>>> print(open('data.txt').read())   # compact mmCIF, C-alpha atoms
# COMPACT_ATOMS: atom_id res chain seq x y z
CA MET A 24 -17.29 -0.39 6.76
CA ALA A 25 -13.59 -1.02 7.17
CA GLU A 26 -12.23 -2.57 10.33
CA PRO A 27 -10.72 -0.09 12.78
CA ILE A 28 -6.94 -0.03 12.84
CA PRO A 29 -5.57 -1.32 16.18
CA PRO A 30 -3.32 0.93 18.26
CA ALA A 31 0.29 1.17 17.09
CA PRO A 32 1.88 -1.08 19.76
CA GLU A 33 -0.39 -4.00 18.81
CA ARG A 34 0.23 -3.47 15.12
CA LEU A 35 4.01 -3.43 15.51
CA ARG A 36 4.20 -6.53 17.70
CA PRO A 37 5.57 -9.50 15.72
CA PRO A 38 3.51 -12.69 15.59
CA GLU A 39 4.06 -15.07 18.49
CA GLY A 40 7.24 -17.08 18.04
CA LEU A 41 8.62 -14.91 15.23
CA TRP A 42 11.78 -13.96 17.13
CA ARG A 43 12.31 -17.54 18.25
CA ARG A 44 12.10 -18.69 14.63
CA ARG A 45 14.52 -15.95 13.53
CA VAL A 46 17.06 -16.93 16.18
CA ALA A 47 16.63 -20.61 15.27
CA SER A 48 17.35 -19.78 11.62
CA PHE A 49 20.85 -18.64 12.65
CA GLY A 50 21.35 -22.02 14.28
CA HIS A 51 20.32 -23.78 11.08
CA ALA A 52 22.74 -21.61 9.09
CA PHE A 53 25.67 -22.35 11.41
CA ARG A 54 24.81 -26.05 11.33
CA GLY A 55 24.96 -25.88 7.52
CA VAL A 56 28.40 -24.27 7.60
CA TRP A 57 29.68 -26.92 10.03
CA ALA A 58 28.18 -29.72 7.94
CA ALA A 59 29.88 -28.36 4.83
CA LEU A 60 33.19 -28.01 6.69
CA GLY A 61 32.89 -31.64 7.76
CA SER A 62 32.23 -32.96 4.28
CA GLU A 63 33.98 -30.64 1.84
CA VAL A 64 37.76 -30.78 1.48
CA HIS A 65 37.86 -27.55 -0.51
CA LEU A 66 35.99 -25.68 2.21
CA ARG A 67 38.54 -26.85 4.79
CA PHE A 68 41.26 -25.52 2.48
CA HIS A 69 39.42 -22.17 2.36
CA ALA A 70 39.18 -22.22 6.16
CA ILE A 71 42.95 -22.67 6.47
CA ALA A 72 43.52 -19.94 3.89
CA THR A 73 41.20 -17.65 5.85
CA VAL A 74 43.19 -18.21 9.04
CA VAL A 75 46.45 -17.54 7.18
CA VAL A 76 45.08 -14.34 5.62
CA ILE A 77 43.82 -13.08 8.98
CA GLY A 78 47.24 -13.82 10.48
CA LEU A 79 48.98 -11.96 7.68
CA GLY A 80 46.59 -9.05 8.07
CA LEU A 81 47.38 -8.81 11.77
CA TYR A 82 51.13 -9.22 11.20
CA TYR A 83 51.29 -6.51 8.52
CA SER A 84 48.74 -4.24 10.24
CA ILE A 85 46.74 -3.78 7.08
CA SER A 86 44.50 -0.71 6.85
CA ARG A 87 40.76 -0.63 7.43
CA VAL A 88 40.10 -0.50 3.69
CA GLU A 89 42.44 -3.44 3.11
CA TRP A 90 40.61 -5.38 5.85
CA ALA A 91 37.32 -4.60 4.14
CA LEU A 92 38.62 -5.87 0.79
CA VAL A 93 40.02 -9.01 2.39
CA ALA A 94 36.80 -9.63 4.34
CA ILE A 95 34.64 -9.20 1.24
CA SER A 96 36.91 -11.54 -0.72
CA VAL A 97 36.83 -14.19 1.99
CA ALA A 98 33.04 -13.90 2.30
CA CYS A 99 32.63 -14.25 -1.47
CA VAL A 100 34.74 -17.39 -1.60
CA TRP A 101 32.98 -18.96 1.38
CA SER A 102 29.56 -18.04 -0.03
CA ALA A 103 30.40 -19.47 -3.44
CA GLU A 104 31.76 -22.67 -1.89
CA LEU A 105 28.66 -23.12 0.28
CA MET A 106 26.36 -22.50 -2.69
CA ASN A 107 28.40 -25.00 -4.71
CA THR A 108 27.98 -27.57 -1.94
CA ALA A 109 24.22 -26.97 -1.82
CA ILE A 110 23.89 -27.22 -5.60
CA GLU A 111 25.88 -30.45 -5.66
CA ALA A 112 23.72 -31.97 -2.91
CA LEU A 113 20.48 -30.98 -4.60
CA THR A 114 21.74 -32.17 -7.97
CA ASP A 115 22.69 -35.54 -6.51
CA LEU A 116 19.24 -35.78 -4.92
CA ALA A 117 17.40 -34.86 -8.10
CA SER A 118 19.59 -36.84 -10.48
CA PRO A 119 21.42 -39.71 -8.74
CA GLY A 120 22.43 -41.14 -12.09
CA PHE A 121 24.46 -39.33 -14.70
CA HIS A 122 22.65 -36.63 -16.62
CA PRO A 123 24.36 -33.99 -18.80
CA LEU A 124 22.37 -31.14 -17.22
CA ALA A 125 23.29 -32.34 -13.72
CA GLY A 126 26.93 -32.31 -14.75
CA LYS A 127 26.55 -28.85 -16.24
CA ALA A 128 24.96 -27.52 -13.02
CA LYS A 129 27.83 -28.89 -10.96
CA ASP A 130 30.46 -27.55 -13.36
CA VAL A 131 28.94 -24.06 -13.40
CA ALA A 132 28.73 -23.98 -9.60
CA ALA A 133 32.37 -25.08 -9.36
CA GLY A 134 33.27 -22.39 -11.90
CA ALA A 135 31.69 -19.77 -9.63
CA VAL A 136 33.93 -20.92 -6.78
CA LEU A 137 36.96 -20.78 -9.05
CA LEU A 138 36.21 -17.21 -10.11
CA ALA A 139 35.64 -16.11 -6.51
CA ALA A 140 38.91 -17.75 -5.46
CA ILE A 141 40.83 -16.09 -8.30
CA GLY A 142 39.33 -12.73 -7.33
CA ALA A 143 40.33 -13.29 -3.71
CA LEU A 144 43.83 -14.25 -4.82
CA VAL A 145 44.13 -11.01 -6.79
CA VAL A 146 42.94 -8.96 -3.80
CA GLY A 147 45.34 -10.82 -1.53
CA GLY A 148 48.18 -10.15 -3.94
CA LEU A 149 47.36 -6.47 -4.19
CA VAL A 150 47.16 -6.13 -0.41
CA PHE A 151 50.04 -8.33 0.74
CA ILE A 152 52.71 -8.43 -1.99
CA PRO A 153 53.73 -4.77 -1.56
CA LYS A 154 53.98 -5.31 2.21
CA ILE A 155 56.07 -8.47 1.83
CA PHE A 156 58.52 -6.84 -0.57
CA THR A 157 59.01 -3.69 1.53
CA LEU A 158 60.51 -5.73 4.36
>>> encode(input="data.txt", output="structure tokens")
Amino acid sequence: MAEPIPPAPERLRPPEGLWRRRVASFGHAFRGVWAALGSEVHLRFHAIATVVVIGLGLYYSISRVEWALVAISVACVWSAELMNTAIEALTDLASPGFHPLAGKAKDVAAGAVLLAAIGALVVGGLVFIPKIFTL
């Protein structure tokens, strides 16, 4: 015969330490962002650009939709740059010497960052250029 199903509260309780591990995973993620900021010049450039864009958004009082577009663009660039950093680190670990496939992996990851940055530049232009020229 099948085992009886425990009462609902017992069934819904997460395993011991699950929440602690989930909270700790945020700490690991923030540590990764800080590590990348400390080692990647391009990410520091993106950080400065993010501060500038936020300042411009506040100065020009951009709309909620414009904020959403800017936020998505910034998040895409940061995500692409962090993934690029991770791919470069793993590639260097797996292939310390030159290998054409390692170079290709790094180039493709850098290309993803470039496309995200171009997209963010287009969004920034569409949001801010009309506001700058109406002054």
>>> closest_residue(input="data.txt", among="A:Ala72, A:Cys99, A:Leu105, A:Ala125", to="Ala139 (chain A)", atoms="all atoms listed in the file")
A:Cys99
>>> closest_residue(input="data.txt", among="A:Val74, A:His51, A:Tyr83, A:His69", to="Pro153 (chain A)", atoms="only C-alpha atoms")
A:Tyr83
>>> atom_distance(input="data.txt", atom1="CA of Ile71 (chain A)", atom2="CA of Gly126 (chain A)")
28.3 Å
>>> closest_residue(input="data.txt", among="A:Val88, A:Leu113, A:Val93, A:Met106", to="Ala135 (chain A)", atoms="only C-alpha atoms")
A:Met106
>>> atom_distance(input="data.txt", atom1="CA of Ala59 (chain A)", atom2="CA of Tyr82 (chain A)")
29.3 Å
>>> closest_residue(input="data.txt", among="A:Ser96, A:Ala91, A:Leu60, A:Phe49", to="Val146 (chain A)", atoms="all atoms listed in the file")
A:Ser96
>>> atom_distance(input="data.txt", atom1="CA of Thr157 (chain A)", atom2="CA of Ile85 (chain A)")
13.5 Å
>>> closest_residue(input="data.txt", among="A:Val100, A:Val56, A:Ile95, A:Leu116", to="Leu138 (chain A)", atoms="only C-alpha atoms")
A:Val100
>>> closest_residue(input="data.txt", among="A:Glu111, A:Ser86, A:Val75, A:Arg43", to="Glu63 (chain A)", atoms="all atoms listed in the file")
A:Glu111
>>> residues_near_point(input="data.txt", point="(49.0, -6.6, 1.1)", cutoff="10 Å", atoms="all atoms listed in the file", output="list in words")
Val76, Leu79, Gly80, Tyr83, Ser84, Ile85, Ser86, Glu89, Trp90, Val93, Val146, Gly147, Gly148, Leu149, Val150, Phe151, Ile152, Pro153, Lys154, Ile155 and Phe156 of chain A
>>> write_last_selection(input="data.txt", atoms="C-alpha atoms", output="compact mmCIF listing (two decimals), in the frame of the given file")
# COMPACT_ATOMS: atom_id res chain seq x y z
CA VAL A 76 45.08 -14.34 5.62
CA LEU A 79 48.98 -11.96 7.68
CA GLY A 80 46.59 -9.05 8.07
CA TYR A 83 51.29 -6.51 8.52
CA SER A 84 48.74 -4.24 10.24
CA ILE A 85 46.74 -3.78 7.08
CA SER A 86 44.50 -0.71 6.85
CA GLU A 89 42.44 -3.44 3.11
CA TRP A 90 40.61 -5.38 5.85
CA VAL A 93 40.02 -9.01 2.39
CA VAL A 146 42.94 -8.96 -3.80
CA GLY A 147 45.34 -10.82 -1.53
CA GLY A 148 48.18 -10.15 -3.94
CA LEU A 149 47.36 -6.47 -4.19
CA VAL A 150 47.16 -6.13 -0.41
CA PHE A 151 50.04 -8.33 0.74
CA ILE A 152 52.71 -8.43 -1.99
CA PRO A 153 53.73 -4.77 -1.56
CA LYS A 154 53.98 -5.31 2.21
CA ILE A 155 56.07 -8.47 1.83
CA PHE A 156 58.52 -6.84 -0.57
>>> axis_aligned_box(input="data.txt", around="region 143-151 of chain A", padding_each_side="6 Å", output="AutoDock Vina command-line options")
--center_x 45.2 --center_y -10.2 --center_z -3.0 --size_x 21.7 --size_y 20.1 --size_z 19.5
>>> build_atoms(input="data.txt", residues="region 102-125 of chain A", atoms="N, CA, C and O atoms", output="PDB file, in the frame of the given file")
ATOM      1  N   SER A 102      30.936 -17.996   0.474  1.00  0.00           N
ATOM      2  CA  SER A 102      29.560 -18.040  -0.030  1.00  0.00           C
ATOM      3  C   SER A 102      29.470 -18.885  -1.296  1.00  0.00           C
ATOM      4  O   SER A 102      28.559 -19.713  -1.442  1.00  0.00           O
ATOM      5  N   ALA A 103      30.406 -18.685  -2.198  1.00  0.00           N
ATOM      6  CA  ALA A 103      30.400 -19.470  -3.440  1.00  0.00           C
ATOM      7  C   ALA A 103      30.601 -20.952  -3.144  1.00  0.00           C
ATOM      8  O   ALA A 103      29.922 -21.804  -3.735  1.00  0.00           O
ATOM      9  N   GLU A 104      31.504 -21.268  -2.234  1.00  0.00           N
ATOM     10  CA  GLU A 104      31.760 -22.670  -1.890  1.00  0.00           C
ATOM     11  C   GLU A 104      30.541 -23.313  -1.229  1.00  0.00           C
ATOM     12  O   GLU A 104      30.195 -24.465  -1.524  1.00  0.00           O
ATOM     13  N   LEU A 105      29.868 -22.581  -0.359  1.00  0.00           N
ATOM     14  CA  LEU A 105      28.660 -23.120   0.280  1.00  0.00           C
ATOM     15  C   LEU A 105      27.538 -23.300  -0.726  1.00  0.00           C
ATOM     16  O   LEU A 105      26.803 -24.306  -0.678  1.00  0.00           O
ATOM     17  N   MET A 106      27.385 -22.350  -1.639  1.00  0.00           N
ATOM     18  CA  MET A 106      26.360 -22.500  -2.690  1.00  0.00           C
ATOM     19  C   MET A 106      26.700 -23.689  -3.599  1.00  0.00           C
ATOM     20  O   MET A 106      25.808 -24.445  -3.986  1.00  0.00           O
ATOM     21  N   ASN A 107      27.971 -23.865  -3.901  1.00  0.00           N
ATOM     22  CA  ASN A 107      28.400 -25.000  -4.710  1.00  0.00           C
ATOM     23  C   ASN A 107      28.043 -26.316  -4.009  1.00  0.00           C
ATOM     24  O   ASN A 107      27.533 -27.243  -4.639  1.00  0.00           O
ATOM     25  N   THR A 108      28.298 -26.373  -2.710  1.00  0.00           N
ATOM     26  CA  THR A 108      27.980 -27.570  -1.940  1.00  0.00           C
ATOM     27  C   THR A 108      26.477 -27.844  -1.964  1.00  0.00           C
ATOM     28  O   THR A 108      26.049 -28.990  -2.149  1.00  0.00           O
ATOM     29  N   ALA A 109      25.680 -26.795  -1.795  1.00  0.00           N
ATOM     30  CA  ALA A 109      24.220 -26.970  -1.820  1.00  0.00           C
ATOM     31  C   ALA A 109      23.743 -27.420  -3.199  1.00  0.00           C
ATOM     32  O   ALA A 109      22.897 -28.319  -3.309  1.00  0.00           O
ATOM     33  N   ILE A 110      24.288 -26.828  -4.243  1.00  0.00           N
ATOM     34  CA  ILE A 110      23.890 -27.220  -5.600  1.00  0.00           C
ATOM     35  C   ILE A 110      24.281 -28.655  -5.887  1.00  0.00           C
ATOM     36  O   ILE A 110      23.506 -29.422  -6.472  1.00  0.00           O
ATOM     37  N   GLU A 111      25.466 -29.060  -5.452  1.00  0.00           N
ATOM     38  CA  GLU A 111      25.880 -30.450  -5.660  1.00  0.00           C
ATOM     39  C   GLU A 111      24.964 -31.412  -4.922  1.00  0.00           C
ATOM     40  O   GLU A 111      24.573 -32.451  -5.475  1.00  0.00           O
ATOM     41  N   ALA A 112      24.606 -31.085  -3.676  1.00  0.00           N
ATOM     42  CA  ALA A 112      23.720 -31.970  -2.910  1.00  0.00           C
ATOM     43  C   ALA A 112      22.348 -32.075  -3.555  1.00  0.00           C
ATOM     44  O   ALA A 112      21.796 -33.175  -3.690  1.00  0.00           O
ATOM     45  N   LEU A 113      21.790 -30.949  -3.958  1.00  0.00           N
ATOM     46  CA  LEU A 113      20.480 -30.980  -4.600  1.00  0.00           C
ATOM     47  C   LEU A 113      20.523 -31.684  -5.951  1.00  0.00           C
ATOM     48  O   LEU A 113      19.584 -32.405  -6.318  1.00  0.00           O
ATOM     49  N   THR A 114      21.594 -31.498  -6.677  1.00  0.00           N
ATOM     50  CA  THR A 114      21.740 -32.170  -7.970  1.00  0.00           C
ATOM     51  C   THR A 114      21.820 -33.674  -7.782  1.00  0.00           C
ATOM     52  O   THR A 114      21.191 -34.440  -8.515  1.00  0.00           O
ATOM     53  N   ASP A 115      22.587 -34.105  -6.785  1.00  0.00           N
ATOM     54  CA  ASP A 115      22.690 -35.540  -6.510  1.00  0.00           C
ATOM     55  C   ASP A 115      21.338 -36.119  -6.085  1.00  0.00           C
ATOM     56  O   ASP A 115      21.016 -37.258  -6.419  1.00  0.00           O
ATOM     57  N   LEU A 116      20.567 -35.322  -5.334  1.00  0.00           N
ATOM     58  CA  LEU A 116      19.240 -35.780  -4.920  1.00  0.00           C
ATOM     59  C   LEU A 116      18.304 -35.894  -6.112  1.00  0.00           C
ATOM     60  O   LEU A 116      17.598 -36.892  -6.266  1.00  0.00           O
ATOM     61  N   ALA A 117      18.318 -34.886  -6.962  1.00  0.00           N
ATOM     62  CA  ALA A 117      17.400 -34.860  -8.100  1.00  0.00           C
ATOM     63  C   ALA A 117      17.808 -35.805  -9.215  1.00  0.00           C
ATOM     64  O   ALA A 117      16.962 -36.319  -9.940  1.00  0.00           O
ATOM     65  N   SER A 118      19.103 -36.017  -9.372  1.00  0.00           N
ATOM     66  CA  SER A 118      19.590 -36.840 -10.480  1.00  0.00           C
ATOM     67  C   SER A 118      20.716 -37.742  -9.993  1.00  0.00           C
ATOM     68  O   SER A 118      21.890 -37.470 -10.227  1.00  0.00           O
ATOM     69  N   PRO A 119      20.374 -38.826  -9.273  1.00  0.00           N
ATOM     70  CA  PRO A 119      21.420 -39.710  -8.740  1.00  0.00           C
ATOM     71  C   PRO A 119      22.274 -40.351  -9.833  1.00  0.00           C
ATOM     72  O   PRO A 119      23.455 -40.574  -9.643  1.00  0.00           O
ATOM     73  N   GLY A 120      21.679 -40.608 -10.965  1.00  0.00           N
ATOM     74  CA  GLY A 120      22.430 -41.140 -12.090  1.00  0.00           C
ATOM     75  C   GLY A 120      23.015 -40.001 -12.913  1.00  0.00           C
ATOM     76  O   GLY A 120      22.707 -38.829 -12.696  1.00  0.00           O
ATOM     77  N   PHE A 121      23.847 -40.361 -13.871  1.00  0.00           N
ATOM     78  CA  PHE A 121      24.460 -39.330 -14.700  1.00  0.00           C
ATOM     79  C   PHE A 121      23.409 -38.690 -15.604  1.00  0.00           C
ATOM     80  O   PHE A 121      22.585 -39.364 -16.211  1.00  0.00           O
ATOM     81  N   HIS A 122      23.464 -37.382 -15.666  1.00  0.00           N
ATOM     82  CA  HIS A 122      22.650 -36.630 -16.620  1.00  0.00           C
ATOM     83  C   HIS A 122      23.481 -35.424 -17.041  1.00  0.00           C
ATOM     84  O   HIS A 122      24.099 -34.775 -16.198  1.00  0.00           O
ATOM     85  N   PRO A 123      23.526 -35.113 -18.336  1.00  0.00           N
ATOM     86  CA  PRO A 123      24.360 -33.990 -18.800  1.00  0.00           C
ATOM     87  C   PRO A 123      24.016 -32.666 -18.125  1.00  0.00           C
ATOM     88  O   PRO A 123      24.917 -31.874 -17.820  1.00  0.00           O
ATOM     89  N   LEU A 124      22.743 -32.399 -17.866  1.00  0.00           N
ATOM     90  CA  LEU A 124      22.370 -31.140 -17.220  1.00  0.00           C
ATOM     91  C   LEU A 124      22.813 -31.114 -15.749  1.00  0.00           C
ATOM     92  O   LEU A 124      23.176 -30.060 -15.230  1.00  0.00           O
ATOM     93  N   ALA A 125      22.793 -32.269 -15.104  1.00  0.00           N
ATOM     94  CA  ALA A 125      23.290 -32.340 -13.720  1.00  0.00           C
ATOM     95  C   ALA A 125      24.784 -32.033 -13.696  1.00  0.00           C
ATOM     96  O   ALA A 125      25.267 -31.278 -12.841  1.00  0.00           O
TER      97      ALA A 125
END
